[in-house]
$ cat entry03.txt   # compact mmCIF, C-alpha atoms
# COMPACT_ATOMS: atom_id res chain seq x y z
CA MET X 1 -88.42 -12.90 -38.79
CA THR X 2 -85.06 -11.17 -38.87
CA ASN X 3 -82.76 -11.98 -41.71
CA ALA X 4 -79.50 -10.45 -40.53
CA THR X 5 -76.46 -11.42 -42.53
CA ARG X 6 -73.08 -12.17 -41.06
CA THR X 7 -69.65 -12.93 -42.46
CA VAL X 8 -68.17 -16.37 -41.93
CA GLN X 9 -64.58 -17.30 -42.65
CA PHE X 10 -63.58 -20.68 -43.98
CA LYS X 11 -60.28 -22.45 -44.37
CA ILE X 12 -60.75 -25.16 -46.95
CA TYR X 13 -58.44 -27.97 -47.99
CA ARG X 14 -57.91 -27.66 -51.74
CA TYR X 15 -56.25 -30.21 -53.96
CA ASP X 16 -56.69 -30.85 -57.65
CA PRO X 17 -54.18 -33.51 -58.67
CA ASP X 18 -54.31 -32.31 -62.31
CA GLN X 19 -53.16 -28.81 -61.37
CA ASP X 20 -51.66 -28.70 -57.88
CA ALA X 21 -48.29 -30.12 -56.92
CA LYS X 22 -49.54 -30.50 -53.36
CA PRO X 23 -52.60 -29.66 -51.25
CA TYR X 24 -53.04 -26.18 -49.75
CA MET X 25 -55.53 -24.42 -47.47
CA GLN X 26 -57.70 -21.73 -49.08
CA ASP X 27 -59.07 -18.81 -47.04
CA ILE X 28 -62.49 -17.72 -48.17
CA GLU X 29 -65.25 -15.56 -46.68
CA ILE X 30 -68.97 -15.56 -47.38
CA GLU X 31 -72.07 -13.76 -46.16
CA ILE X 32 -74.69 -16.00 -44.65
CA ASP X 33 -78.12 -15.19 -43.30
CA SER X 34 -80.40 -16.80 -40.75
CA THR X 35 -81.81 -19.23 -43.31
CA ASP X 36 -78.36 -20.81 -43.67
CA ARG X 37 -78.83 -23.01 -40.66
CA LYS X 38 -76.52 -25.89 -41.42
CA LEU X 39 -72.93 -26.01 -42.60
CA LEU X 40 -74.08 -27.49 -45.90
CA ASP X 41 -76.25 -24.40 -46.57
CA ALA X 42 -73.17 -22.24 -46.14
CA MET X 43 -71.13 -24.56 -48.35
CA VAL X 44 -73.67 -24.24 -51.15
CA LYS X 45 -73.09 -20.48 -50.95
CA LEU X 46 -69.34 -21.10 -50.93
CA LYS X 47 -69.71 -23.13 -54.10
CA ALA X 48 -71.70 -20.29 -55.66
CA LYS X 49 -68.86 -17.90 -54.88
CA ASP X 50 -66.05 -20.23 -56.01
CA ASP X 51 -67.37 -23.00 -58.18
CA SER X 52 -64.01 -24.79 -58.30
CA ILE X 53 -64.57 -26.12 -54.76
CA ALA X 54 -65.54 -29.80 -54.95
CA PHE X 55 -67.53 -31.72 -52.33
CA ARG X 56 -70.20 -34.41 -52.31
CA ARG X 57 -73.73 -33.85 -51.10
CA SER X 58 -77.12 -35.23 -51.90
CA CYS X 59 -80.07 -35.54 -49.53
CA ARG X 60 -79.05 -32.63 -47.23
CA GLU X 61 -80.79 -34.26 -44.25
CA GLY X 62 -78.42 -36.85 -42.79
CA VAL X 63 -79.75 -39.86 -44.65
CA CYS X 64 -77.42 -40.37 -47.61
CA GLY X 65 -74.10 -39.83 -45.83
CA SER X 66 -72.47 -38.11 -48.84
CA ASP X 67 -71.25 -34.92 -47.18
CA ALA X 68 -69.07 -36.49 -44.51
CA MET X 69 -65.95 -34.42 -43.94
CA ASN X 70 -63.52 -33.30 -41.28
CA ILE X 71 -65.02 -30.19 -39.68
CA ASN X 72 -62.73 -28.26 -37.31
CA GLY X 73 -60.77 -31.46 -36.74
CA LYS X 74 -63.74 -33.74 -36.11
CA ASN X 75 -65.51 -35.91 -38.66
CA GLY X 76 -69.18 -35.16 -39.24
CA LEU X 77 -71.89 -34.50 -41.78
CA ALA X 78 -72.07 -30.93 -43.10
CA CYS X 79 -75.86 -31.19 -43.39
CA LEU X 80 -76.29 -32.05 -39.69
CA THR X 81 -73.76 -29.55 -38.31
CA ALA X 82 -75.48 -26.35 -37.19
CA MET X 83 -73.83 -23.04 -38.10
CA ASP X 84 -74.69 -21.89 -34.54
CA SER X 85 -72.39 -24.57 -33.13
CA PHE X 86 -69.23 -22.84 -34.40
CA PRO X 87 -67.41 -20.34 -32.18
CA ALA X 88 -67.92 -16.83 -33.59
CA GLY X 89 -64.96 -15.05 -35.19
CA LYS X 90 -62.92 -18.17 -35.84
CA PRO X 91 -62.58 -19.64 -39.33
CA ILE X 92 -64.30 -22.96 -39.95
CA VAL X 93 -61.67 -25.46 -41.06
CA LEU X 94 -62.87 -28.05 -43.58
CA ARG X 95 -60.74 -31.00 -44.63
CA PRO X 96 -61.51 -34.29 -46.38
CA LEU X 97 -62.08 -37.41 -44.27
CA PRO X 98 -58.65 -38.45 -42.97
CA GLY X 99 -56.89 -41.62 -44.05
CA LEU X 100 -58.50 -42.08 -47.48
CA PRO X 101 -56.96 -41.01 -50.79
CA VAL X 102 -58.15 -37.57 -51.92
CA ILE X 103 -59.70 -37.42 -55.39
CA ARG X 104 -60.19 -33.67 -55.29
CA ASP X 105 -60.69 -31.09 -52.50
CA LEU X 106 -63.16 -32.63 -50.00
CA ILE X 107 -63.92 -35.71 -52.11
CA VAL X 108 -62.19 -38.92 -51.03
CA ASP X 109 -61.89 -42.32 -52.66
CA MET X 110 -64.09 -44.64 -50.56
CA THR X 111 -63.08 -47.86 -52.38
CA GLN X 112 -61.15 -49.27 -49.41
CA PHE X 113 -64.00 -48.45 -47.04
CA PHE X 114 -66.60 -50.26 -49.16
CA LYS X 115 -64.23 -53.17 -49.79
CA GLN X 116 -64.17 -53.77 -46.03
CA TYR X 117 -67.94 -53.38 -45.83
CA ASN X 118 -68.41 -55.94 -48.62
CA SER X 119 -66.01 -58.35 -46.93
CA ILE X 120 -68.45 -58.97 -44.06
CA LYS X 121 -71.20 -60.05 -46.51
CA PRO X 122 -73.70 -57.34 -45.64
CA TYR X 123 -76.82 -59.28 -46.60
CA LEU X 124 -79.02 -61.90 -44.98
CA ILE X 125 -77.84 -65.46 -45.54
CA ASN X 126 -80.68 -67.94 -45.22
CA ASN X 127 -80.83 -71.09 -47.32
CA ASP X 128 -84.37 -72.09 -46.36
CA PRO X 129 -86.94 -71.57 -49.11
CA PRO X 130 -88.49 -68.14 -48.63
CA PRO X 131 -91.92 -68.26 -46.97
CA GLU X 132 -94.93 -67.01 -48.87
CA ARG X 133 -94.97 -63.61 -47.21
CA GLU X 134 -91.90 -62.78 -45.11
CA ARG X 135 -89.41 -64.16 -42.59
CA LEU X 136 -90.82 -63.23 -39.20
CA GLN X 137 -89.03 -62.20 -36.03
CA SER X 138 -90.33 -61.75 -32.50
CA PRO X 139 -90.41 -58.12 -31.32
CA GLU X 140 -87.60 -58.98 -28.84
CA ASP X 141 -85.39 -60.38 -31.60
CA ARG X 142 -86.10 -57.35 -33.76
CA GLU X 143 -85.18 -55.10 -30.83
CA GLU X 144 -81.60 -56.41 -31.03
CA LEU X 145 -81.15 -54.80 -34.46
CA ASN X 146 -81.86 -51.29 -33.19
CA GLY X 147 -78.72 -49.18 -33.16
CA LEU X 148 -77.22 -51.38 -35.88
CA TYR X 149 -79.35 -51.08 -39.02
CA GLU X 150 -79.42 -47.25 -38.97
CA CYS X 151 -75.85 -46.89 -40.27
CA ILE X 152 -75.71 -44.74 -43.44
CA LEU X 153 -72.12 -45.68 -44.37
CA CYS X 154 -70.86 -42.10 -44.32
CA ALA X 155 -67.41 -43.36 -43.15
CA CYS X 156 -67.08 -40.75 -40.38
CA CYS X 157 -66.30 -43.53 -37.88
CA SER X 158 -63.83 -45.65 -39.85
CA THR X 159 -61.85 -42.61 -41.01
CA SER X 160 -61.53 -41.34 -37.43
CA CYS X 161 -60.17 -44.69 -36.23
CA PRO X 162 -56.35 -44.89 -35.81
CA SER X 163 -56.49 -48.66 -36.27
CA PHE X 164 -58.19 -48.11 -39.65
CA TRP X 165 -55.61 -45.45 -40.60
CA TRP X 166 -52.77 -47.92 -40.01
CA ASN X 167 -54.40 -50.97 -41.61
CA PRO X 168 -57.26 -49.90 -43.91
CA ASP X 169 -56.57 -52.91 -46.12
CA LYS X 170 -56.79 -55.46 -43.28
CA PHE X 171 -58.90 -54.04 -40.42
CA VAL X 172 -62.63 -54.11 -41.20
CA GLY X 173 -63.16 -50.84 -39.31
CA PRO X 174 -66.03 -49.71 -37.08
CA ALA X 175 -68.63 -49.27 -39.86
CA GLY X 176 -67.97 -52.73 -41.28
CA LEU X 177 -67.96 -54.36 -37.85
CA LEU X 178 -71.21 -52.64 -36.85
CA ALA X 179 -72.76 -54.04 -40.05
CA ALA X 180 -71.22 -57.45 -39.32
CA TYR X 181 -72.88 -57.54 -35.91
CA ARG X 182 -76.16 -56.40 -37.49
CA PHE X 183 -76.24 -59.74 -39.37
CA ILE X 184 -74.69 -61.81 -36.56
CA ALA X 185 -77.46 -60.55 -34.27
CA ASP X 186 -80.21 -61.22 -36.83
CA THR X 187 -82.18 -64.35 -35.86
CA ARG X 188 -83.16 -64.87 -39.53
CA ASP X 189 -79.52 -65.25 -40.57
CA GLN X 190 -78.08 -68.79 -40.73
CA ALA X 191 -74.40 -67.98 -41.24
CA THR X 192 -73.56 -66.84 -37.70
CA SER X 193 -70.70 -69.27 -37.25
CA GLU X 194 -69.17 -68.50 -40.66
CA ARG X 195 -69.46 -64.79 -39.91
CA LEU X 196 -67.61 -65.24 -36.60
CA ASP X 197 -64.97 -67.38 -38.35
CA ASN X 198 -64.53 -64.65 -40.96
CA LEU X 199 -63.83 -62.08 -38.25
CA GLU X 200 -61.65 -64.15 -35.93
CA ASP X 201 -58.42 -62.62 -37.05
CA PRO X 202 -55.79 -60.43 -35.40
CA TYR X 203 -56.31 -57.78 -38.09
CA ARG X 204 -59.94 -57.97 -39.18
CA LEU X 205 -61.48 -57.66 -35.71
CA PHE X 206 -58.80 -57.52 -33.04
CA ARG X 207 -57.15 -54.32 -34.33
CA CYS X 208 -59.93 -52.56 -32.43
CA HIS X 209 -58.31 -51.30 -29.23
CA THR X 210 -61.47 -49.61 -27.90
CA ILE X 211 -60.26 -46.11 -28.76
CA MET X 212 -63.94 -45.13 -29.30
CA ASN X 213 -63.36 -42.28 -31.77
CA CYS X 214 -66.09 -44.01 -33.80
CA VAL X 215 -68.67 -43.49 -31.06
CA ASP X 216 -67.54 -39.89 -30.61
CA VAL X 217 -68.11 -38.92 -34.25
CA CYS X 218 -71.07 -41.04 -35.44
CA PRO X 219 -73.64 -38.53 -36.79
CA LYS X 220 -76.40 -41.07 -36.22
CA GLY X 221 -75.43 -41.62 -32.57
CA LEU X 222 -74.58 -45.30 -33.09
CA ASN X 223 -72.08 -47.25 -31.02
CA PRO X 224 -69.73 -49.46 -33.09
CA THR X 225 -67.54 -50.15 -30.04
CA LYS X 226 -70.47 -51.78 -28.27
CA ALA X 227 -71.23 -53.92 -31.34
CA ILE X 228 -67.56 -54.96 -31.56
CA GLY X 229 -67.68 -55.88 -27.85
CA LYS X 230 -70.72 -58.06 -28.52
CA ILE X 231 -68.94 -59.84 -31.39
CA LYS X 232 -66.00 -60.57 -29.07
CA GLU X 233 -68.39 -61.73 -26.35
CA MET X 234 -70.05 -64.14 -28.80
CA MET X 235 -66.65 -65.49 -29.80
CA VAL X 236 -65.79 -66.10 -26.15
CA ARG X 237 -69.14 -67.83 -25.56
CA ARG X 238 -68.52 -69.98 -28.60
CA ALA X 239 -65.00 -70.93 -27.48
CA VAL X 240 -65.40 -71.66 -23.76
CA MET N 1 -47.20 -62.31 -56.71
CA ASN N 2 -47.90 -60.13 -53.70
CA ARG N 3 -51.55 -60.58 -52.83
CA LEU N 4 -52.92 -59.27 -49.55
CA VAL N 5 -53.76 -62.09 -47.17
CA VAL N 6 -55.84 -61.94 -44.01
CA GLY N 7 -57.76 -64.62 -42.12
CA ALA N 8 -55.23 -66.09 -39.70
CA HIS N 9 -58.08 -67.30 -37.48
CA TYR N 10 -56.54 -66.45 -34.17
CA GLY N 11 -56.71 -63.48 -31.88
CA LEU N 12 -59.53 -64.35 -29.49
CA LYS N 13 -57.25 -66.25 -27.10
CA ASP N 14 -54.72 -63.39 -26.99
CA TRP N 15 -57.43 -60.76 -26.58
CA LEU N 16 -58.92 -62.72 -23.68
CA ALA N 17 -55.50 -63.46 -22.16
CA GLN N 18 -54.59 -59.77 -22.26
CA ARG N 19 -57.69 -58.98 -20.18
CA ILE N 20 -57.17 -61.83 -17.71
CA THR N 21 -53.48 -61.03 -17.20
CA ALA N 22 -54.43 -57.37 -16.63
CA ILE N 23 -56.74 -58.46 -13.80
CA VAL N 24 -54.02 -60.67 -12.27
CA MET N 25 -51.56 -57.76 -12.33
CA ALA N 26 -54.12 -55.35 -10.86
CA VAL N 27 -54.92 -57.72 -7.98
CA TYR N 28 -51.20 -58.32 -7.32
CA THR N 29 -50.58 -54.57 -7.28
CA LEU N 30 -53.34 -54.12 -4.69
CA ILE N 31 -51.88 -56.90 -2.51
CA ILE N 32 -48.38 -55.38 -2.64
CA PHE N 33 -49.80 -51.92 -1.95
CA ALA N 34 -51.70 -53.23 1.08
CA ALA N 35 -48.60 -55.11 2.32
CA THR N 36 -46.52 -51.93 1.97
CA LEU N 37 -49.05 -50.02 4.06
CA GLY N 38 -48.88 -52.87 6.58
CA GLY N 39 -45.10 -52.39 6.95
CA ALA N 40 -43.90 -55.32 4.85
CA THR N 41 -41.30 -53.12 3.18
CA ALA N 42 -40.33 -51.05 6.23
CA SER N 43 -36.87 -52.61 6.44
CA ARG N 44 -34.85 -54.97 4.30
CA GLU N 45 -35.39 -57.80 6.83
CA ALA N 46 -39.16 -57.30 6.84
CA TRP N 47 -39.23 -57.19 3.03
CA HIS N 48 -37.01 -60.29 2.79
CA ALA N 49 -39.26 -62.26 5.15
CA PHE N 50 -42.31 -61.07 3.21
CA MET N 51 -40.89 -62.17 -0.13
CA ALA N 52 -39.72 -65.51 1.29
CA HIS N 53 -43.31 -66.44 2.08
CA GLY N 54 -44.52 -69.27 -0.21
CA PHE N 55 -47.79 -67.56 -1.14
CA ILE N 56 -46.09 -64.30 -2.03
CA ARG N 57 -43.57 -66.17 -4.18
CA PHE N 58 -46.44 -67.95 -5.89
CA ILE N 59 -48.39 -64.77 -6.70
CA THR N 60 -45.20 -62.90 -7.67
CA PHE N 61 -44.47 -65.67 -10.15
CA LEU N 62 -48.03 -65.39 -11.51
CA PHE N 63 -47.54 -61.63 -11.79
CA ILE N 64 -44.35 -62.02 -13.81
CA VAL N 65 -45.86 -64.61 -16.14
CA SER N 66 -48.92 -62.35 -16.61
CA LEU N 67 -46.71 -59.34 -17.27
CA CYS N 68 -44.73 -61.21 -19.92
CA TYR N 69 -47.81 -62.61 -21.68
CA HIS N 70 -49.50 -59.19 -21.56
CA ALA N 71 -46.37 -57.54 -22.94
CA TRP N 72 -46.09 -60.19 -25.68
CA VAL N 73 -49.60 -59.42 -27.01
CA GLY N 74 -49.06 -55.66 -26.77
CA ILE N 75 -45.62 -55.55 -28.35
CA ARG N 76 -46.67 -57.97 -31.09
CA ASP N 77 -49.56 -55.60 -31.88
CA ILE N 78 -47.08 -52.74 -32.27
CA TRP N 79 -44.87 -54.76 -34.64
CA MET N 80 -47.97 -55.77 -36.62
CA ASP N 81 -49.04 -52.13 -36.98
CA TYR N 82 -45.73 -50.57 -37.94
CA ILE N 83 -43.47 -53.23 -39.45
CA LYS N 84 -44.77 -54.31 -42.83
CA PRO N 85 -42.10 -56.67 -44.29
CA ALA N 86 -42.91 -60.19 -43.02
CA ALA N 87 -39.28 -61.26 -42.62
CA ILE N 88 -38.37 -58.32 -40.36
CA ARG N 89 -41.62 -58.72 -38.45
CA VAL N 90 -41.15 -62.41 -37.70
CA THR N 91 -37.56 -61.69 -36.59
CA LEU N 92 -38.84 -59.02 -34.19
CA HIS N 93 -41.57 -61.37 -32.93
CA VAL N 94 -39.00 -64.06 -32.19
CA LEU N 95 -36.61 -61.62 -30.49
CA THR N 96 -39.48 -60.27 -28.37
CA LEU N 97 -40.54 -63.78 -27.36
CA LEU N 98 -36.97 -64.81 -26.51
CA ALA N 99 -36.42 -61.66 -24.44
CA LEU N 100 -39.71 -62.12 -22.54
CA VAL N 101 -39.10 -65.81 -21.83
CA GLY N 102 -35.58 -64.92 -20.68
CA TYR N 103 -36.91 -62.18 -18.40
CA ALA N 104 -39.52 -64.54 -16.92
CA GLY N 105 -36.88 -67.19 -16.17
CA TRP N 106 -34.44 -64.66 -14.73
CA ALA N 107 -37.14 -63.02 -12.56
CA THR N 108 -38.28 -66.42 -11.28
CA GLN N 109 -34.73 -67.31 -10.32
CA ILE N 110 -34.43 -64.02 -8.41
CA ILE N 111 -37.68 -64.64 -6.47
CA TRP N 112 -36.59 -68.09 -5.32
CA ARG N 113 -33.04 -66.91 -4.50
CA LEU N 114 -34.34 -64.43 -1.94

$ encode --input "entry03.txt" --output "structure tokens"
Amino acid sequence: MTNATRTVQFKIYRYDPDQDAKPYMQDIEIEIDSTDRKLLDAMVKLKAKDDSIAFRRSCREGVCGSDAMNINGKNGLACLTAMDSFPAGKPIVLRPLPGLPVIRDLIVDMTQFFKQYNSIKPYLINNDPPPERERLQSPEDREELNGLYECILCACCSTSCPSFWWNPDKFVGPAGLLAAYRFIADTRDQATSERLDNLEDPYRLFRCHTIMNCVDVCPKGLNPTKAIGKIKEMMVRRAV
Amino acid sequence: MNRLVVGAHYGLKDWLAQRITAIVMAVYTLIIFAATLGGATASREAWHAFMAHGFIRFITFLFIVSLCYHAWVGIRDIWMDYIKPAAIRVTLHVLTLLALVGYAGWATQIIWRL
């Protein structure tokens, strides 16, 4: 196996509120080899070269959602982005997720994002006494949850959504609405009507103007726009 | 106290109306396009006779009402996104509504004057 090294240039958003008056872009170069397959591998080398660079990462395999960032202008996970996918000779531009307050460098404050997620009550509501073993679903009913439960809450979608940029305090955002539909669609949940009531609001749900940036960036290939459409469809069915 | 409040419990009707009015306007546009190809606007006399037809007046009126409702939802959305102080926003909402109702009345008068 060949292990040829090559030089890769990075432009990285740097901001340390304790030291910097305002953010700036840092140019930095590193040598990578063929074992550095994903962007995160290269970033670990970057961190070894300049340990003042701050970013979050954990599982390094697209499950934890920690290393979401803006990569060459598009949100994604560093651990799922292949180094081969970058055009050769051009610097890779890394910025924090847009629209959220920056804590330091590529680390953003996700409080607002999780506040919206919590607001849709992301847990099963069922007041019946729990059965001895488990609450059962038919395979068809379970099928409906596919494409909804896989969300890892990395915030790539919500922070690429212009409606969320304008109203992060009022619009639930694509991640929250996908999770909302996950429980609305769940046959074991008994709070469907309350959940729809909670979302029937010009800001919470109807700020979605089907821009579909969320679908474009989701690293898990999920479709929040479709879930939002289904919530609206259920509201129409309930009203007419 | 300045707490954030959401939960107005409306929006479905407007969202649905925006889609329905869009369909009405699209169908009207197709009818007018077809009539133009058929020579309905070849001369002023032909156009005048076309617009004097009861059915055309009826659908033109529907088009104008749809346009105004559609514009109301869209413009309100813009005010809601960009204008944060409630007093300024409600003033802009009212001015928008008044202007659109005025336009609808004026346009209707023009159609029936032809």

$ interface_residues --input "entry03.txt" --of "chain N" --to "chain X" --cutoff "8 Å" --atoms "only C-alpha atoms" --output "count of residues only"
10

$ residues_around --input "entry03.txt" --residues "Trp47 (chain N)" --least-positions-apart "6" --cutoff "12 Å" --atoms "all atoms listed in the file" --output "PyMOL selection string"
chain N and resi 32+35-36+38-41+53+56+114

$ closest_residue --input "entry03.txt" --among "N:Val73, N:Ala104, N:Ala87, N:Leu92" --to "Asp14 (chain N)" --atoms "only C-alpha atoms"
N:Val73

$ atom_distance --input "entry03.txt" --atom1 "CA of Val217 (chain X)" --atom2 "CA of Pro96 (chain X)"
14.6 Å

$ residues_around --input "entry03.txt" --residues "region 67-83 of chain X" --least-positions-apart "2" --cutoff "7 Å" --atoms "only C-alpha atoms" --output "VMD selection string"
chain X and resid 37 to 40 56 to 57 60 to 62 65 85 to 86 92 to 97 106 154 156 160 217 219

$ closest_residue --input "entry03.txt" --among "X:Lys226, X:Asn213, X:Lys220, X:Gln9" --to "Pro87 (chain X)" --atoms "only C-alpha atoms"
X:Gln9

$ atom_distance --input "entry03.txt" --atom1 "CA of Asp27 (chain X)" --atom2 "CA of Arg14 (chain X)"
10.1 Å
